[in-house]
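Here's input-v7.cif, which has mmCIF, C-alpha atoms:
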```
data_query
loop_
_atom_site.label_atom_id
_atom_site.label_comp_id
_atom_site.auth_asym_id
_atom_site.auth_seq_id
_atom_site.Cartn_x
_atom_site.Cartn_y
_atom_site.Cartn_z
CA MET U 209 11.50 -20.70 -38.25
CA LYS U 210 14.66 -18.65 -38.27
CA HIS U 211 14.63 -15.67 -35.95
CA ASN U 212 17.21 -12.95 -35.69
CA PHE U 213 15.38 -10.07 -34.11
CA ILE U 214 17.89 -9.52 -31.33
CA ASP U 215 20.94 -8.64 -33.45
CA LYS U 216 19.46 -8.57 -36.92
CA TYR U 217 22.03 -6.16 -38.39
CA SER U 218 25.13 -7.35 -36.56
CA SER U 219 26.45 -9.14 -39.66
CA LEU U 220 26.47 -6.03 -41.84
CA SER U 221 29.68 -4.33 -42.84
CA SER U 222 30.13 -0.67 -41.98
CA PRO U 223 32.74 1.56 -40.32
CA VAL U 224 30.81 1.21 -37.06
CA HIS U 225 30.71 -2.59 -37.29
CA LYS U 226 34.47 -2.61 -37.76
CA ILE U 227 35.17 -0.68 -34.55
CA ASP U 228 36.66 -2.91 -31.86
CA THR U 229 33.98 -4.35 -29.59
CA LYS U 230 35.85 -3.12 -26.49
CA ILE U 231 35.65 0.47 -27.71
CA LYS U 232 31.94 0.15 -28.48
CA LEU U 233 31.18 -1.45 -25.14
CA VAL U 234 33.15 1.16 -23.18
CA SER U 235 31.44 3.92 -25.15
CA PHE U 236 28.01 2.53 -24.36
CA LEU U 237 28.82 2.09 -20.67
CA THR U 238 30.26 5.60 -20.49
CA ILE U 239 27.15 7.11 -22.05
CA ALA U 240 24.80 5.07 -19.86
CA ILE U 241 26.62 5.73 -16.60
CA PHE U 242 27.27 9.40 -17.31
CA ILE U 243 23.70 10.09 -18.32
CA SER U 244 22.29 8.17 -15.36
CA LEU U 245 24.49 9.65 -12.67
CA PHE U 246 25.06 13.22 -13.76
CA GLY U 247 22.75 16.09 -14.56
CA VAL U 248 22.86 16.49 -18.30
CA SER U 249 20.86 19.24 -19.90
CA SER U 250 18.18 18.44 -22.41
CA LYS U 251 20.08 20.39 -25.09
CA VAL U 252 23.12 18.15 -24.66
CA LEU U 253 20.87 15.09 -24.71
CA ILE U 254 19.28 16.21 -27.97
CA LEU U 255 22.75 16.70 -29.45
CA LEU U 256 23.74 13.25 -28.21
CA LEU U 257 20.62 11.70 -29.71
CA THR U 258 21.34 13.43 -33.02
CA PHE U 259 24.89 12.07 -32.92
CA LEU U 260 23.65 8.57 -32.12
CA ILE U 261 21.17 8.68 -34.99
CA PHE U 262 24.02 9.73 -37.29
CA ILE U 263 26.10 6.77 -36.03
CA SER U 264 23.19 4.40 -36.55
CA GLN U 265 22.86 5.55 -40.17
CA LEU U 266 26.58 5.13 -40.66
CA ALA U 267 26.03 1.58 -39.40
CA LYS U 268 23.23 1.12 -41.99
CA ILE U 269 20.59 0.37 -39.34
CA PRO U 270 17.17 1.33 -40.71
CA ILE U 271 15.49 4.18 -38.83
CA LEU U 272 12.14 2.38 -38.76
CA PHE U 273 13.79 -0.61 -37.11
CA LEU U 274 15.32 1.63 -34.45
CA LEU U 275 12.03 3.36 -33.84
CA SER U 276 10.22 0.05 -33.46
CA ARG U 277 12.74 -1.12 -30.89
CA ILE U 278 12.83 2.18 -29.02
CA PHE U 279 9.05 2.14 -28.88
CA VAL U 280 9.25 -0.99 -26.74
CA ILE U 281 10.26 1.09 -23.72
CA PHE U 282 7.56 3.65 -24.35
CA PRO U 283 5.18 2.23 -21.69
CA PHE U 284 7.88 2.47 -19.02
CA VAL U 285 8.93 5.95 -20.04
CA PHE U 286 5.28 6.96 -20.06
CA LEU U 287 4.78 5.64 -16.54
CA ILE U 288 7.88 7.44 -15.28
CA SER U 289 6.70 10.66 -16.93
CA VAL U 290 3.29 10.34 -15.36
CA SER U 291 4.83 9.75 -11.92
CA TYR U 292 7.01 12.82 -12.38
CA LEU U 293 3.98 14.91 -13.31
CA ILE U 294 2.01 13.55 -10.38
CA ASN U 295 4.90 14.56 -8.11
CA LYS U 296 4.63 18.03 -9.61
CA GLN U 297 7.96 17.97 -11.43
CA SER U 298 8.30 20.44 -14.27
CA PHE U 299 7.76 19.53 -17.88
CA SER U 300 11.46 20.14 -18.58
CA ASP U 301 12.36 17.51 -15.93
CA VAL U 302 10.01 15.03 -17.57
CA LEU U 303 11.52 15.80 -20.97
CA ASN U 304 15.00 15.32 -19.51
CA VAL U 305 14.10 11.86 -18.18
CA VAL U 306 12.53 10.87 -21.49
CA LEU U 307 15.57 12.05 -23.46
CA LYS U 308 17.95 10.22 -21.08
CA SER U 309 15.98 6.97 -21.42
CA TYR U 310 15.96 7.11 -25.19
CA ALA U 311 19.64 8.07 -25.39
CA ILE U 312 20.63 5.03 -23.31
CA ILE U 313 18.37 2.69 -25.26
CA LEU U 314 19.54 4.02 -28.61
CA SER U 315 23.22 3.61 -27.68
CA LEU U 316 22.48 0.03 -26.48
CA LEU U 317 20.65 -0.74 -29.72
CA ILE U 318 23.58 0.53 -31.76
CA LEU U 319 25.97 -1.61 -29.73
CA ILE U 320 23.87 -4.76 -30.19
CA GLN U 321 23.13 -4.18 -33.88
CA THR U 322 26.77 -3.56 -34.76
CA THR U 323 28.35 -6.35 -32.73
CA LYS U 324 28.04 -10.12 -32.92
CA PHE U 325 26.61 -11.31 -29.63
CA SER U 326 29.38 -13.86 -29.18
CA ASP U 327 31.99 -11.06 -29.57
CA LEU U 328 30.12 -9.01 -27.00
CA LEU U 329 30.20 -11.86 -24.51
CA ASP U 330 33.90 -12.46 -25.16
CA THR U 331 34.55 -8.79 -24.45
CA LEU U 332 32.50 -8.92 -21.25
CA LYS U 333 34.61 -11.92 -20.19
CA SER U 334 37.81 -10.03 -20.93
CA PHE U 335 36.50 -7.17 -18.77
CA LYS U 336 36.12 -9.70 -15.92
CA PHE U 337 32.37 -9.39 -15.97
CA PRO U 338 30.97 -12.03 -13.55
CA LYS U 339 31.23 -15.42 -15.27
CA PHE U 340 27.80 -16.46 -14.09
CA LEU U 341 26.17 -13.46 -15.76
CA VAL U 342 28.05 -14.02 -19.01
CA LEU U 343 26.94 -17.66 -19.00
CA LEU U 344 23.38 -16.61 -18.28
CA LEU U 345 23.38 -14.09 -21.15
CA SER U 346 24.82 -16.74 -23.46
CA PHE U 347 22.06 -19.19 -22.62
CA ILE U 348 19.33 -16.55 -22.85
CA TYR U 349 20.50 -15.59 -26.32
CA ARG U 350 21.07 -19.17 -27.45
CA TYR U 351 17.69 -20.46 -26.36
CA PHE U 352 15.53 -17.38 -26.88
CA PHE U 353 15.10 -18.37 -30.51
CA VAL U 354 14.40 -21.99 -29.63
CA LEU U 355 11.71 -20.94 -27.16
CA THR U 356 10.21 -18.53 -29.70
CA ASP U 357 10.00 -21.40 -32.16
CA GLU U 358 8.27 -23.60 -29.61
CA VAL U 359 5.75 -20.90 -28.75
CA GLU U 360 5.05 -20.40 -32.44
CA LYS U 361 4.55 -24.11 -33.07
CA MET U 362 2.34 -24.49 -30.03
CA SER U 363 0.19 -21.56 -31.08
CA PHE U 364 -0.08 -22.98 -34.63
CA ALA U 365 -1.18 -26.29 -33.15
CA VAL U 366 -3.82 -24.58 -31.06
CA LYS U 367 -5.06 -22.39 -33.89
CA LEU U 368 -5.45 -25.39 -36.15
CA ARG U 369 -7.69 -27.01 -33.56
CA GLN U 370 -9.60 -24.02 -32.36
CA GLN U 371 -11.52 -21.64 -34.57
CA GLU U 372 -12.28 -18.97 -32.00
CA LYS U 373 -9.83 -16.72 -30.24
CA LEU U 374 -7.50 -18.34 -27.72
CA SER U 375 -9.22 -18.63 -24.38
CA ILE U 376 -7.52 -17.66 -21.12
CA LYS U 377 -7.52 -21.31 -20.10
CA THR U 378 -5.72 -22.30 -23.32
CA LEU U 379 -3.18 -19.54 -22.85
CA ILE U 380 -2.50 -20.66 -19.30
CA ASN U 381 -2.13 -24.27 -20.46
CA LEU U 382 0.28 -23.20 -23.20
CA PHE U 383 2.32 -21.24 -20.71
CA GLY U 384 2.40 -24.21 -18.36
CA PHE U 385 3.51 -26.52 -21.16
CA LEU U 386 6.21 -24.07 -22.16
CA LEU U 387 7.53 -24.05 -18.62
CA ILE U 388 7.58 -27.84 -18.47
CA ARG U 389 9.29 -28.12 -21.86
CA SER U 390 11.82 -25.48 -20.86
CA TYR U 391 12.55 -27.33 -17.63
CA ASN U 392 13.02 -30.64 -19.49
CA ARG U 393 15.26 -28.97 -22.03
CA ALA U 394 17.33 -27.35 -19.26
CA GLU U 395 17.82 -30.80 -17.69
CA LYS U 396 19.03 -32.25 -21.00
CA ILE U 397 21.36 -29.32 -21.62
CA ASN U 398 22.80 -29.80 -18.14
CA LYS U 399 23.40 -33.48 -18.99
CA ALA U 400 25.12 -32.46 -22.24
CA MET U 401 27.34 -30.05 -20.32
CA ILE U 402 28.26 -32.65 -17.69
CA LEU U 403 29.16 -35.14 -20.40
CA ARG U 404 31.62 -32.61 -21.78
CA GLY U 405 33.38 -31.94 -18.50
CA TRP U 406 31.24 -29.28 -16.84
CA ASP U 407 31.29 -29.69 -13.08
CA ASN U 408 28.37 -27.40 -12.23
CA ARG U 409 30.69 -24.65 -11.03
CA VAL U 410 31.09 -21.26 -12.69
CA MET Z 256 40.32 -61.70 -28.68
CA ASN Z 257 38.97 -58.22 -28.08
CA GLU Z 258 38.60 -57.36 -24.44
CA THR Z 259 35.32 -56.47 -22.80
CA ILE Z 260 35.14 -52.77 -22.22
CA ILE Z 261 31.55 -52.36 -21.11
CA GLU Z 262 30.02 -54.70 -18.54
CA VAL Z 263 26.49 -54.15 -17.32
CA LYS Z 264 25.15 -56.44 -14.60
CA ASN Z 265 21.69 -56.45 -13.12
CA LEU Z 266 20.93 -52.87 -14.04
CA PHE Z 267 17.75 -51.39 -12.66
CA TYR Z 268 16.46 -47.89 -13.01
CA LYS Z 269 13.24 -46.36 -11.74
CA TYR Z 270 12.04 -42.90 -12.73
CA PRO Z 271 11.09 -40.43 -9.97
CA ASP Z 272 7.42 -41.01 -10.83
CA GLY Z 273 7.86 -44.68 -9.94
CA LYS Z 274 7.97 -46.14 -13.43
CA GLN Z 275 10.49 -48.98 -13.65
CA ALA Z 276 12.37 -48.01 -16.80
CA LEU Z 277 15.06 -50.71 -16.76
CA LYS Z 278 14.74 -54.15 -15.22
CA ASN Z 279 17.65 -56.48 -14.65
CA VAL Z 280 19.56 -55.48 -17.77
CA SER Z 281 22.86 -57.31 -18.27
CA PHE Z 282 25.17 -57.38 -21.26
CA GLU Z 283 28.80 -57.01 -22.31
CA ILE Z 284 30.34 -55.08 -25.16
CA LYS Z 285 33.78 -55.82 -26.48
CA GLU Z 286 36.29 -53.35 -27.86
CA GLY Z 287 35.56 -52.46 -31.47
CA GLN Z 288 31.99 -53.79 -31.42
CA LYS Z 289 29.27 -51.71 -32.99
CA VAL Z 290 26.04 -52.45 -31.21
CA ALA Z 291 22.59 -51.40 -32.37
CA LEU Z 292 20.28 -50.77 -29.44
CA LEU Z 293 16.78 -51.33 -30.71
CA GLY Z 294 13.44 -51.04 -29.06
CA ALA Z 295 10.01 -49.49 -29.39
CA ASN Z 296 9.30 -46.01 -28.05
CA GLY Z 297 9.46 -46.08 -24.27
CA SER Z 298 11.41 -49.34 -24.15
CA GLY Z 299 14.24 -47.72 -22.19
CA LYS Z 300 16.89 -47.11 -24.87
CA THR Z 301 17.73 -43.52 -23.96
CA THR Z 302 17.50 -44.32 -20.26
CA LEU Z 303 20.02 -47.12 -20.74
CA LEU Z 304 22.35 -44.81 -22.65
CA PHE Z 305 22.14 -42.19 -19.89
CA CYS Z 306 22.94 -44.89 -17.32
CA LEU Z 307 25.96 -45.94 -19.36
CA VAL Z 308 27.44 -42.46 -19.01
CA GLY Z 309 26.58 -42.15 -15.33
CA LEU Z 310 23.97 -39.46 -15.68
CA LEU Z 311 21.27 -41.40 -13.85
CA ASP Z 312 21.33 -42.92 -10.39
CA TYR Z 313 20.91 -46.59 -11.30
CA GLN Z 314 21.01 -49.76 -9.23
CA GLY Z 315 23.31 -52.51 -10.36
CA GLU Z 316 26.81 -52.59 -11.73
CA ILE Z 317 28.33 -50.87 -14.73
CA LYS Z 318 32.02 -51.24 -15.44
CA ILE Z 319 33.69 -49.40 -18.28
CA PHE Z 320 37.33 -50.14 -19.08
CA GLY Z 321 37.31 -52.28 -15.94
CA GLN Z 322 36.43 -49.33 -13.72
CA ASP Z 323 33.25 -48.92 -11.75
CA LEU Z 324 31.23 -46.17 -13.40
CA LYS Z 325 29.81 -44.72 -10.19
CA GLN Z 326 33.30 -44.26 -8.67
CA ASN Z 327 35.03 -42.95 -11.80
CA ALA Z 328 32.32 -41.27 -13.87
CA LYS Z 329 34.25 -38.09 -14.59
CA GLU Z 330 37.34 -39.90 -15.86
CA ILE Z 331 35.37 -42.45 -17.86
CA ARG Z 332 33.29 -39.75 -19.57
CA LYS Z 333 36.48 -38.28 -21.07
CA LYS Z 334 36.74 -41.46 -23.13
CA ILE Z 335 33.14 -41.44 -24.29
CA GLY Z 336 31.53 -39.32 -26.99
CA PHE Z 337 27.75 -38.91 -26.78
CA VAL Z 338 25.42 -37.61 -29.48
CA PHE Z 339 21.98 -36.59 -28.26
CA GLU Z 340 18.87 -37.21 -30.31
CA ASN Z 341 17.89 -33.54 -30.31
CA PRO Z 342 20.78 -31.30 -31.39
CA ASP Z 343 19.31 -28.32 -29.54
CA ASP Z 344 19.89 -30.23 -26.30
CA GLN Z 345 23.55 -30.70 -27.15
CA LEU Z 346 24.59 -27.49 -28.90
CA PHE Z 347 24.34 -24.88 -26.18
CA ASN Z 348 27.04 -22.42 -27.19
CA LEU Z 349 26.77 -19.39 -29.44
CA THR Z 350 29.05 -20.64 -32.20
CA VAL Z 351 30.02 -24.01 -33.65
CA TYR Z 352 33.63 -23.40 -32.62
CA ASP Z 353 32.67 -22.71 -28.99
CA ASP Z 354 30.52 -25.85 -28.86
CA ILE Z 355 33.31 -28.08 -30.14
CA ALA Z 356 35.91 -26.35 -27.96
CA PHE Z 357 33.77 -26.54 -24.81
CA SER Z 358 35.13 -29.76 -23.34
CA PHE Z 359 38.75 -28.71 -23.91
CA ARG Z 360 38.15 -25.39 -22.23
CA GLN Z 361 36.73 -27.27 -19.22
CA GLN Z 362 39.93 -29.29 -19.10
CA GLY Z 363 42.09 -26.15 -19.21
CA TYR Z 364 43.65 -26.64 -22.65
CA LYS Z 365 45.43 -23.68 -24.24
CA GLU Z 366 43.51 -21.90 -26.99
CA GLU Z 367 46.17 -22.72 -29.64
CA GLN Z 368 45.82 -26.46 -28.98
CA ILE Z 369 42.05 -26.17 -29.02
CA LYS Z 370 42.12 -24.35 -32.35
CA GLN Z 371 44.04 -27.18 -33.99
CA LYS Z 372 41.84 -29.92 -32.54
CA VAL Z 373 38.68 -28.13 -33.62
CA LYS Z 374 40.07 -27.61 -37.11
CA ASN Z 375 40.98 -31.32 -37.39
CA VAL Z 376 37.54 -32.55 -36.49
CA LEU Z 377 35.78 -29.99 -38.69
CA GLU Z 378 37.92 -31.11 -41.60
CA LYS Z 379 37.10 -34.75 -40.93
CA LEU Z 380 33.37 -34.04 -41.05
CA ASN Z 381 33.44 -31.60 -43.99
CA LEU Z 382 32.51 -28.72 -41.74
CA LEU Z 383 35.39 -26.33 -42.40
CA GLY Z 384 34.04 -22.80 -42.57
CA TYR Z 385 31.35 -23.46 -39.98
CA GLU Z 386 33.43 -22.24 -37.03
CA ASN Z 387 31.61 -18.93 -36.55
CA ARG Z 388 28.18 -20.14 -37.55
CA GLN Z 389 25.46 -20.06 -34.91
CA PRO Z 390 24.09 -23.52 -34.16
CA TYR Z 391 20.54 -22.18 -34.20
CA HIS Z 392 20.90 -21.06 -37.80
CA LEU Z 393 22.12 -24.42 -39.11
CA SER Z 394 19.95 -26.96 -40.86
CA TYR Z 395 18.99 -30.06 -38.89
CA GLY Z 396 21.51 -32.19 -40.78
CA GLU Z 397 24.29 -29.67 -40.17
CA LYS Z 398 23.43 -29.55 -36.47
CA LYS Z 399 23.66 -33.34 -36.27
CA LYS Z 400 27.10 -33.25 -37.85
CA VAL Z 401 28.25 -30.58 -35.40
CA CYS Z 402 26.93 -32.75 -32.55
CA LEU Z 403 29.04 -35.59 -33.91
CA ALA Z 404 32.02 -33.23 -34.07
CA THR Z 405 31.60 -32.29 -30.40
CA ALA Z 406 31.58 -36.00 -29.54
CA LEU Z 407 34.58 -36.95 -31.70
CA VAL Z 408 36.89 -34.04 -30.94
CA ASN Z 409 38.10 -35.71 -27.72
CA THR Z 410 39.08 -38.85 -29.71
CA PRO Z 411 36.83 -41.03 -27.59
CA GLN Z 412 37.17 -44.79 -27.29
CA ILE Z 413 33.41 -45.30 -27.16
CA LEU Z 414 30.85 -43.43 -29.24
CA ILE Z 415 27.22 -43.43 -28.13
CA LEU Z 416 24.56 -42.13 -30.50
CA ASP Z 417 20.90 -41.65 -29.62
CA GLU Z 418 18.73 -41.90 -32.74
CA PRO Z 419 21.41 -40.35 -34.97
CA THR Z 420 19.39 -40.40 -38.17
CA SER Z 421 15.98 -39.39 -36.81
CA ASN Z 422 14.40 -36.48 -38.73
CA LEU Z 423 17.15 -36.46 -41.33
CA ASP Z 424 16.29 -36.34 -45.01
CA PRO Z 425 17.46 -39.35 -47.08
CA ALA Z 426 20.61 -37.63 -48.37
CA SER Z 427 21.65 -36.42 -44.90
CA ARG Z 428 20.84 -39.85 -43.49
CA ARG Z 429 23.07 -41.48 -46.08
CA GLU Z 430 25.87 -39.01 -45.39
CA PHE Z 431 25.62 -39.46 -41.63
CA LYS Z 432 25.57 -43.23 -42.01
CA GLU Z 433 28.79 -43.11 -44.03
CA LEU Z 434 30.42 -40.90 -41.42
CA ILE Z 435 29.69 -43.20 -38.50
CA LYS Z 436 30.45 -46.31 -40.54
CA ASN Z 437 33.99 -45.01 -41.07
CA ILE Z 438 34.56 -44.37 -37.37
CA GLN Z 439 36.44 -47.41 -36.14
CA ILE Z 440 35.75 -47.34 -32.44
CA THR Z 441 33.29 -49.10 -30.17
CA GLN Z 442 29.84 -47.76 -30.86
CA ILE Z 443 26.41 -48.06 -29.29
CA ILE Z 444 23.67 -46.74 -31.53
CA ALA Z 445 20.11 -46.44 -30.25
CA THR Z 446 17.92 -46.38 -33.33
CA HIS Z 447 14.66 -47.29 -35.02
CA ASP Z 448 16.44 -47.30 -38.36
CA LEU Z 449 16.88 -51.00 -39.06
CA GLN Z 450 18.73 -50.23 -42.29
CA LEU Z 451 21.27 -48.17 -40.36
CA ALA Z 452 21.65 -50.98 -37.83
CA LYS Z 453 22.27 -53.54 -40.58
CA GLU Z 454 24.79 -51.41 -42.45
CA VAL Z 455 26.79 -50.08 -39.53
CA CYS Z 456 26.53 -52.54 -36.65
CA ASP Z 457 27.68 -56.08 -36.04
CA SER Z 458 25.47 -56.92 -33.08
CA ILE Z 459 22.19 -55.91 -31.54
CA ILE Z 460 20.48 -55.60 -28.21
CA ILE Z 461 16.71 -55.34 -28.29
CA LEU Z 462 14.91 -53.80 -25.36
CA ASN Z 463 11.26 -54.32 -24.59
CA ASN Z 464 9.57 -52.69 -21.60
CA GLY Z 465 12.91 -52.03 -19.94
CA GLU Z 466 14.16 -55.59 -20.26
CA ILE Z 467 16.51 -57.20 -22.71
CA PHE Z 468 14.30 -59.00 -25.18
CA CYS Z 469 17.17 -60.52 -27.06
CA GLN Z 470 20.76 -59.85 -28.02
CA GLY Z 471 23.11 -61.28 -30.54
CA VAL Z 472 24.48 -60.88 -34.03
CA ILE Z 473 23.12 -58.27 -36.41
CA SER Z 474 21.42 -60.83 -38.63
CA LEU Z 475 18.72 -61.08 -35.94
CA VAL Z 476 17.40 -57.86 -37.49
CA ASP Z 477 16.08 -60.01 -40.37
CA ASN Z 478 14.04 -62.17 -38.01
CA THR Z 479 10.55 -60.73 -38.45
CA GLU Z 480 9.13 -62.79 -35.60
CA ILE Z 481 11.55 -61.21 -33.14
CA LEU Z 482 10.98 -57.74 -34.54
CA PHE Z 483 7.23 -58.15 -34.40
CA SER Z 484 7.30 -59.43 -30.83
CA ALA Z 485 9.48 -56.50 -29.79
CA ARG Z 486 7.13 -54.03 -31.53
CA LEU Z 487 9.77 -53.04 -34.01
CA MET Z 488 7.50 -53.74 -36.97
#
```
Show this structure as structure tokens.
Amino acid sequence: MKHNFIDKYSSLSSPVHKIDTKIKLVSFLTIAIFISLFGVSSKVLILLLTFLIFISQLAKIPILFLLSRIFVIFPFVFLISVSYLINKQSFSDVLNVVLKSYAIILSLLILIQTTKFSDLLDTLKSFKFPKFLVLLLSFIYRYFFVLTDEVEKMSFAVKLRQQEKLSIKTLINLFGFLLIRSYNRAEKINKAMILRGWDNRV
Amino acid sequence: MNETIIEVKNLFYKYPDGKQALKNVSFEIKEGQKVALLGANGSGKTTLLFCLVGLLDYQGEIKIFGQDLKQNAKEIRKKIGFVFENPDDQLFNLTVYDDIAFSFRQQGYKEEQIKQKVKNVLEKLNLLGYENRQPYHLSYGEKKKVCLATALVNTPQILILDEPTSNLDPASRREFKELIKNIQITQIIATHDLQLAKEVCDSIIILNNGEIFCQGVISLVDNTEILFSARLM
């Protein structure tokens, strides 16, 4: 199976895709840090969100795709909102937090969907981002699809041998197997790296 | 007379779970030889290959280019190219270019030199244009060729291949066979593909239950009694 759900639209061609990765990364970091650290009114956040949606359309990223991705953080935003309400914060404070969360996520989505992941990592390296973290991100991206494939195949294998719904025991076994296979794969990858000069130091 | 470049004497290896994977394995390989390493599943082929590149803590003696492997593993590995059976174990970078360039970057080469070396090996293997492709999105046959590229880019003196044609379709198998046939360096090929062994190699070592069952010239592959006894047919 071929998966590309992380940066599905990064290979498109648009004015936003053509912007230098450094500029896009700095823009995202500026938005994220500014929003997180400073009090920004909800009106400004709404304007920002409108601007980001405009940029996403310029980048030809489908709105439905963005909504589906943004929806992923909904449970966390919901929990934060509930905790705010429980602590008797005003509705406008809750709205502000929600708008901030979505603004940061939307700007991150635009960055990822308009930039090849390898270019992003190269830019992080050039910004002297910790090497270990860059390596970690590289491996996560590289093997996320491999693991997804393995999970899919394992679940197919189970479904073909079990007519009812997956039991908890089967799910636990599958998870255990996945861990073992991941560990074995990590060992082999380490061997491959050593054979090509890696000395286990970042 | 070609000199002996690989000497293995009384090699033993036991897995952490206690299973004796290799028992008293001894053989020599001369420069330029192409050796087929045959054996049933679980006979110890991959374990032997990993010992030959110093990845496992074996007992016994392995000398490569006259040097003890345990003392000089890092230097010796620079002269060996290794192709794993599963390309996803070997291709761990985000692009084909990065995977092929990896070993040079570890050695501190300048990017301009790396670019040229990568281009040369891609050209050799008909992979020009694949530089920015993601290994995950390649077909199995393409991945295998990229694995070979990562092994050849250092111009090794020994090429080790673990089941190079497994899971390849007939056309890809034929193409891969031609590629490795034309590589004129010492090769050790672990394989179940007897046809590949006959066409590419000049000698064989057959493993059975971690021991050398027999070794000799490639024509032994036609000896059905030997193959049957070694569970190769």
Shell of 8 Å around Glu316 (chain Z), only C-alpha atoms, local chain residues under 2 positions omitted, as an mmCIF file with C-alpha atoms, keeping the file's coordinate frame:
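Output (selection-v3.cif):
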```
data_model
loop_
_atom_site.group_PDB
_atom_site.id
_atom_site.type_symbol
_atom_site.label_atom_id
_atom_site.label_comp_id
_atom_site.auth_asym_id
_atom_site.auth_seq_id
_atom_site.Cartn_x
_atom_site.Cartn_y
_atom_site.Cartn_z
ATOM 1 C CA GLU Z 262 30.020 -54.700 -18.540
ATOM 2 C CA VAL Z 263 26.490 -54.150 -17.320
ATOM 3 C CA LYS Z 264 25.150 -56.440 -14.600
ATOM 4 C CA ASN Z 265 21.690 -56.450 -13.120
ATOM 5 C CA LEU Z 266 20.930 -52.870 -14.040
ATOM 6 C CA GLN Z 314 21.010 -49.760 -9.230
ATOM 7 C CA LYS Z 318 32.020 -51.240 -15.440
ATOM 8 C CA ASP Z 323 33.250 -48.920 -11.750
ATOM 9 C CA LEU Z 324 31.230 -46.170 -13.400
#
```
Checklist entry - Which residues match the PyMOL selection byres ((chain Z and resi 413) around 10) in the file above, as an NGL selection string? => result :Z and (260-261 or 286-289 or 319 or 331-337 or 406-407 or 410-412 or 414-416 or 439-443)
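Computed from the coordinates, the CA of Phe236 (chain U) to CA of Leu316 (chain U) distance equals 6.4 Å.
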Item to check | Pairwise distance for CA of Trp406 (chain U) and CA of Ser358 (chain Z), rounded to one decimal in Å | outcome: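 Going from CA of Trp406 (chain U) over to CA of Ser358 (chain Z), I get 7.6 Å.
Here the question is which of Z:Pro419, Z:Gly315, Z:Gly321, Z:Gly471 gets nearest to Ser281 (chain Z) using all atoms listed in the file, and that residue is Z:Gly315.
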Within 7 Å of chain Z: residues of chain U, using all atoms listed in the file, as a short mmCIF file (atom, residue, chain, number, x, y, z; two decimals) with C-alpha atoms, in the coordinates of the input:
```
data_model
loop_
_atom_site.label_atom_id
_atom_site.label_comp_id
_atom_site.auth_asym_id
_atom_site.auth_seq_id
_atom_site.Cartn_x
_atom_site.Cartn_y
_atom_site.Cartn_z
CA LYS U 210 14.66 -18.65 -38.27
CA SER U 326 29.38 -13.86 -29.18
CA SER U 346 24.82 -16.74 -23.46
CA ARG U 350 21.07 -19.17 -27.45
CA ARG U 393 15.26 -28.97 -22.03
CA LYS U 396 19.03 -32.25 -21.00
CA ILE U 397 21.36 -29.32 -21.62
CA LYS U 399 23.40 -33.48 -18.99
CA ALA U 400 25.12 -32.46 -22.24
CA LEU U 403 29.16 -35.14 -20.40
CA ARG U 404 31.62 -32.61 -21.78
CA GLY U 405 33.38 -31.94 -18.50
CA TRP U 406 31.24 -29.28 -16.84
#
```
Next on the checklist: Since I can't run it myself right now, could you work out what the PyMOL selection byres ((chain U and resi 217) around 9) selects here and report it as a ChimeraX atom specification?
Outcome noted: /U:212-216,218-220,267-269,320-323
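A straight line drawn from CA of Val280 (chain Z) to CA of Asp448 (chain Z) is 22.4 Å long.
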Item to check | Residues near Thr420 (chain Z), cut-off 8 Å, only C-alpha atoms, skip fewer than 3 positions along chain, as number ranges by chain | outcome: Z: 423, 428, 431-432, 446, 448
Checklist entry - Skipping near chain neighbours, those fewer than 5 positions away, what residues fall within 10 Å of Lys300 (chain Z) using all atoms listed in the file, listed as a PyMOL selection string? => result chain Z and resi 276-277+292-295+305-306+417-418+444-446+460-465
Next on the checklist: Need to verify the contact set: Ser264 (chain U), 10 Å, all atoms listed in the file, exclusion of same-chain residues closer than 6 positions in sequence. Can you return it as a PyMOL selection string?
Outcome noted: chain U and resi 224+258+270-271+274+314-315+317-319+321-322
Checklist entry - Which neighbours of Ile239 (chain U) fall inside 9 Å, counting all atoms listed in the file, when residues of the same chain fewer than 5 positions from it are skipped, and could you give them as number ranges by chain? => result U: 234, 244, 311-312, 315
Next on the checklist: Could you list, as number ranges by chain, every residue matched by the PyMOL selection byres ((chain U and resi 310) around 10) in this structure?
Outcome noted: U: 253, 257, 278-279, 281-282, 285, 305-309, 311-316
Checklist entry - Between U:Ala240, U:Phe286, U:Phe347, U:Ile294, which is the closest to Asn398 (chain U) once you count all atoms listed in the file? => result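 Under the stated criterion, the closest residue is U:Phe347.
The smallest atom-to-atom distance between Asn422 (chain Z) and any of Z:Phe483, Z:Glu340, Z:Glu466, Z:Lys374, using all atoms listed in the file, is found for Z:Glu340.
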